Structure formats: structure tokens, C-alpha cells
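> There's a structure below that I have some questions on.
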Amino acid sequence: HKDLLDVSQLSREDVDVVMRTAASFREINTRPVKKVPTLKGKSVVLFFAEPSTRTKTSFDIAAKRLSADTFGLAKSGSSLQKGETLKDTVLTLQAMNPDAIVIRHPSSGAADFVGKRVSCAVINAGDGWHAHPTQALLDLFTLHGVWNTLAGKTVVILGDVAHSRVARSNCRLLPMLGARVRLCAPRTLLPKDAAALDAEVFHDLDAALVGADAVMCLRLQLERQEAGLLPDLREYARRFCLTTQRLSRANPDVKVLHPGPINRGVEIASDLADAGNSLILDQVSSGVAVRMAILYLHITRKDKGE
Ligand code: CP
């Protein structure tokens with residue numbers, strides 16, 4: 001594939017290639033000199049029309065550790081602020097001949113729209129509520145590092161599923177690797193197509209946690225709630241905030257994940273986010289290795305004549 005739009009385009013073999021490539025790049029991140037010449041002379045545009053800390057920084061670090069040059073474009077400070085359309089922005093970028101465009105955008109389908117209009121690789125760094133493929137791949141890489149296999153494991157995805165591109169991509173990816181996915185959310189925060197997702201649905205957190213091997217908490221996306229439907233935060237936390245006490249219902253060695261950013265005390269108790277079984281910062285480290293792999297595989301595809 002020229003572009004990475006979502007994990008649904010990947011076969012099991014494609015996923016294995018990403019995991020193996022990420023594993024081979026991982027040790028570069030702990031060397032005294034964290035740079036290899038693999039993508040020297042290549043250019044990567046980081047086009048972020050929505051805020052980001054983890055995804056943007058880790059793509060930037062990943063590209064630079066492979067010696068590619070990176071160019072940032074944000075909504076603020078660009079001609080998007082003057083009302084330039086996505087189409088014109090993209091045609092302008094294409095005229096500068098980059099080797100890859102990494103795009104985050106509030107509209108679902110934005111990465112696909114861009115991919116159809118440029119000859120370089122387009123990597124989806126999160127489009128609206130639709131997909132966040134590199135997040136799901138880094139979540140998988142993190143869990144693989146702990147378990148070696150996801151076969152037979154039960155992963156609970158907890159919280160604001162309705163607005164979560166992370167949940168959607170993980171519901172597509174984790175079952176491909178043999179995991180069972182449970183979604184746990186209040187009815188108002190489940191997507192209308194929840195029944196079509198490869199997951200069992202729960203509205204009671206204590207029930208969802210029984211036998212869980214990992215719990216992935218999701219951020220309550222306050223900025224995406226429909227007007228007037230914002231849940232009462234205290235009531236939400238009372239029913240759905242993951243705490244150490246609640247987690248005792250899960251399997252003894254249960255792991256805790258969160259894609260970030262975290263609303264501490266809303267979707268996860270602050271002490272649990274920092275506890276020994278939390279993989280939250282391992283997810284961030286995995287993000288660099290996985291994004292190195294994605295940039296490498298997509299940028300060198302053309303040179304290899306694939
Ligand atoms: N997980 C994630 O996408 O975080 P950022 O919004 O900080 O990139």
C-alpha cells in the first residue's frame with residue numbers, strides 16, 4: 001500500500017512485518033548516538049491540523065533518527081488559518097515533492113482524501129473519529145513485548161468509545177492477533193455501530209473486568225461531546241474511573257494502558273496511571289519504534305519498486 005489509512009488494510013503478514021521492523025529499530029533509541037542513515041535525503045511533512053504531543057513528537061523523532069528531514073505544518077501559523085482548503089494545502093505540499101506526509105485532521109476520511117491527491121506516502125496520524133492506525137500498532141507492539149502473543153488474551157477498552165479512533169483501530173487490529181476485545185462504556189458513549197465491531201459490549205465496569213488481561217482506558221473527549229450531552233464528570237468517574245480496587249477483579253498480572261493524554265481522576269485514578277502495572281510510558285516508547293518502521297516501510301516501498 002502507498003498509504004497507511006487504517007489497520008483494516010493490513011493482512012496478518014503485514015502486521016508481522018511492522019512488528020519485526022519496529023523490533024529491529026527499537027535498540028537505536030537506546031544507543032548513545034541515536035541516528036542511522038537509512039532515510040537520508042528523504043523529507044517528511046508533519047501536517048497536524050489538530051493538537052498532538054505524543055504522535056507528532058514521536059513521528060518527528062522517528063524520522064530524524066532515520067536521518068530524514070522533517071517539516072511541520074500546523075493549523076496555527078499556516079494558511080489553513082486564512083481559510084485555505086485542504087485540497088489546496090495538499091496540492092501545495094505535493095508541489096514540494098516530499099517523500100511522506102503524516103496527517104492528523106479533525107475530519108474522518110481526511111487522510112484518504114490527501115492520499116488520493118499526492119504521489120508520496122500518506123500516513124494517517126488520526127482522522128476524526130475514524131482511525132488511528134499507528135496508535136493501535138504501538139499498542140500491539142507494547143502488549144507483544146509483555147506477552148509475546150495476544151492469542152487468548154482479553155483486552156477491555158474502557159470509556160469514551162463513541163469518539164475514539166483509537167478504540168476503532170484496536171477493535172480491528174487486536175482480534176486479528178487472537179485477542180478478545182470487550183468494550184465498556186455508558187450507553188451514551190458507545191458508537192451506534194458498536195454491534196458491528198468485533199467486541200463484546202459491557203455497561204458495567206466490574207463485570208467487564210472479570211478475567212481481563214489488560215485494560216485500555218480512553219480519554220473522555222470533552223471537546224467532541226455534542227452540545228448538552230456532556231456527562232456529569234463526577235457521576236462518570238464514580239461508574240467508569242479505573243481504580244486499583246476495581247482492577248482487583250481482573251487477572252492478577254493485569255496491565256493498564258492509556259493512549260494519552262490522560263484526564264487523571266476521570267477515566268483512570270492518578271496512582272494507577274503511575275503504578276507498576278501501567279504500560280502508559282512503554283506505549284510512548286513503542287510509538288517511536290513503530291513509527292520508525294512505518295516511515296521506513298512506506299518511504300522505501302517506491303525505491304524497491306513495490
Ligand atoms: N495518543 C495520541 O494520539 O496522543 P496525542 O494526541 O498527544 O498525539
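As shown in the C-alpha cells, the chain order sets the letters A, B, ...; within each chain, residues go from 1, and ligands are also counted from 1 in the order they appear.
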Given a cut-off of 10 Å, what residues near ligand 1 show up using only C-alpha atoms and all ligand atoms, put as a ChimeraX atom specification?
/A:48,50-59,104,125-126,132,134-136,138-139,165-166,218-219,258-262,283-284,287
> Identify, on the basis of only C-alpha atoms, every residue whose closest approach to Ser119 in chain A does not exceed 10 Å; exclude the query and any residue fewer than 2 positions from it along the same chain; express the result as an NGL selection string.
:A and (2-3 or 94 or 97-100 or 114-117 or 121-122)
> CA of Leu5 in chain A and CA of Val45 in chain A, how far apart in Å?
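Going from CA of Val45 in chain A over to CA of Leu5 in chain A covers 16.1 Å.
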> Would you mind reading off the distance between CA of Arg65 in chain A and CA of Ser286 in chain A, one decimal, in Å?
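Separation of CA of Arg65 in chain A and CA of Ser286 in chain A: 14.2 Å.
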> List as a list in words the protein and nucleic acid residues near Val161 in chain A, meaning an atom at most 9 Å away when only C-alpha atoms are counted, but skip any in the same chain fewer than 6 places from it.
Ala167, Arg168, Leu183, Cys184, Ala185, Leu189, Leu190, Pro191, Ala194, Leu218 and Leu220 of chain A
> What does the file look like for those residues with N, CA and C atoms, as a PDB file, in the first residue's frame?

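Result written to selection.pdb:
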```pdb
ATOM      1  N   ALA A 167     -10.022   3.355  19.776  1.00  0.00           N
ATOM      2  CA  ALA A 167     -10.828   2.152  20.028  1.00  0.00           C
ATOM      3  C   ALA A 167     -11.175   1.462  18.717  1.00  0.00           C
ATOM      4  N   ARG A 168     -11.560   2.242  17.716  1.00  0.00           N
ATOM      5  CA  ARG A 168     -11.951   1.644  16.423  1.00  0.00           C
ATOM      6  C   ARG A 168     -10.783   0.881  15.803  1.00  0.00           C
ATOM      7  N   LEU A 183     -15.701  -3.983  25.069  1.00  0.00           N
ATOM      8  CA  LEU A 183     -15.886  -2.530  25.149  1.00  0.00           C
ATOM      9  C   LEU A 183     -16.726  -2.250  26.386  1.00  0.00           C
ATOM     10  N   CYS A 184     -16.310  -1.290  27.209  1.00  0.00           N
ATOM     11  CA  CYS A 184     -17.101  -0.931  28.382  1.00  0.00           C
ATOM     12  C   CYS A 184     -17.311   0.577  28.395  1.00  0.00           C
ATOM     13  N   ALA A 185     -18.559   0.991  28.355  1.00  0.00           N
ATOM     14  CA  ALA A 185     -18.877   2.428  28.291  1.00  0.00           C
ATOM     15  C   ALA A 185     -20.329   2.640  28.687  1.00  0.00           C
ATOM     16  N   LEU A 189     -21.958   6.766  25.378  1.00  0.00           N
ATOM     17  CA  LEU A 189     -20.593   6.878  24.851  1.00  0.00           C
ATOM     18  C   LEU A 189     -20.171   5.630  24.066  1.00  0.00           C
ATOM     19  N   LEU A 190     -21.183   4.911  23.573  1.00  0.00           N
ATOM     20  CA  LEU A 190     -20.900   3.800  22.655  1.00  0.00           C
ATOM     21  C   LEU A 190     -21.306   4.244  21.255  1.00  0.00           C
ATOM     22  N   PRO A 191     -20.552   3.864  20.222  1.00  0.00           N
ATOM     23  CA  PRO A 191     -20.952   4.263  18.874  1.00  0.00           C
ATOM     24  C   PRO A 191     -22.220   3.516  18.443  1.00  0.00           C
ATOM     25  N   ALA A 194     -21.789  -0.095  17.366  1.00  0.00           N
ATOM     26  CA  ALA A 194     -20.991  -0.926  18.299  1.00  0.00           C
ATOM     27  C   ALA A 194     -21.189  -2.415  18.028  1.00  0.00           C
ATOM     28  N   LEU A 218      -9.666   5.004  27.864  1.00  0.00           N
ATOM     29  CA  LEU A 218      -9.722   6.032  26.817  1.00  0.00           C
ATOM     30  C   LEU A 218      -9.988   7.380  27.440  1.00  0.00           C
ATOM     31  N   LEU A 220     -11.791  10.753  28.006  1.00  0.00           N
ATOM     32  CA  LEU A 220     -13.123  11.324  27.781  1.00  0.00           C
ATOM     33  C   LEU A 220     -12.911  12.572  26.925  1.00  0.00           C
TER      34      LEU A 220
END
```
> Which neighbours of Ala95 in chain A fall inside 12 Å, counting only C-alpha atoms, when residues of the same chain fewer than 5 positions from it are skipped, and could you give them as JSON, numbers by chain?
{"A": [88, 89, 90, 117, 118, 119, 120]}
> For C-alpha atoms, I'd like the residues from the last selection saved as an mmCIF file, in the first residue's frame.

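result_30.cif written:
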```cif
data_model
loop_
_atom_site.group_PDB
_atom_site.id
_atom_site.type_symbol
_atom_site.label_atom_id
_atom_site.label_comp_id
_atom_site.auth_asym_id
_atom_site.auth_seq_id
_atom_site.Cartn_x
_atom_site.Cartn_y
_atom_site.Cartn_z
ATOM 1 C CA ASP A 88 -5.189 23.463 -1.996
ATOM 2 C CA THR A 89 -2.966 22.834 1.023
ATOM 3 C CA VAL A 90 -2.274 19.322 -0.203
ATOM 4 C CA ARG A 117 -4.145 13.661 -4.413
ATOM 5 C CA VAL A 118 -0.427 13.125 -3.804
ATOM 6 C CA SER A 119 2.138 10.695 -5.171
ATOM 7 C CA CYS A 120 4.032 10.289 -1.878
#
```
> Please, what distance in Å, to one decimal, runs between CA of Pro252 in chain A and CA of Asp213 in chain A?
8.2 Å
> Which of range 122-281 of chain A counts as helix (DSSP H, G or I) under DSSP, as a PyMOL selection string please?
chain A and resi 133-147+165-177+187-189+194-196+205-209+222-224+233-240+244-247+270-273+280-281
> With only C-alpha atoms as the atoms that count, which of A:Cys241, A:Ala110, A:Cys171, A:Leu233 lies nearest to Asp206 in chain A?
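Checking each of A:Cys241, A:Ala110, A:Cys171, A:Leu233 against Asp206 in chain A, counting only C-alpha atoms, the winner is A:Cys241.
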> Hey, which of A:Lys75, A:Arg172, A:Val266, A:Ile101 ends up closest to Leu197 in chain A? Count only C-alpha atoms.
A:Arg172
> Which residue is closest to Ala63 in chain A? Choose from A:Ala269, A:Thr38, A:Leu281, A:Leu80 and count only C-alpha atoms.
A:Thr38
> Here is a test: counting only C-alpha atoms, which residue of A:Ser285, A:Ser169, A:Thr300, A:Gln221 is nearest to Glu267 in chain A?
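Nearest candidate to Glu267 in chain A out of A:Ser285, A:Ser169, A:Thr300, A:Gln221: A:Gln221.
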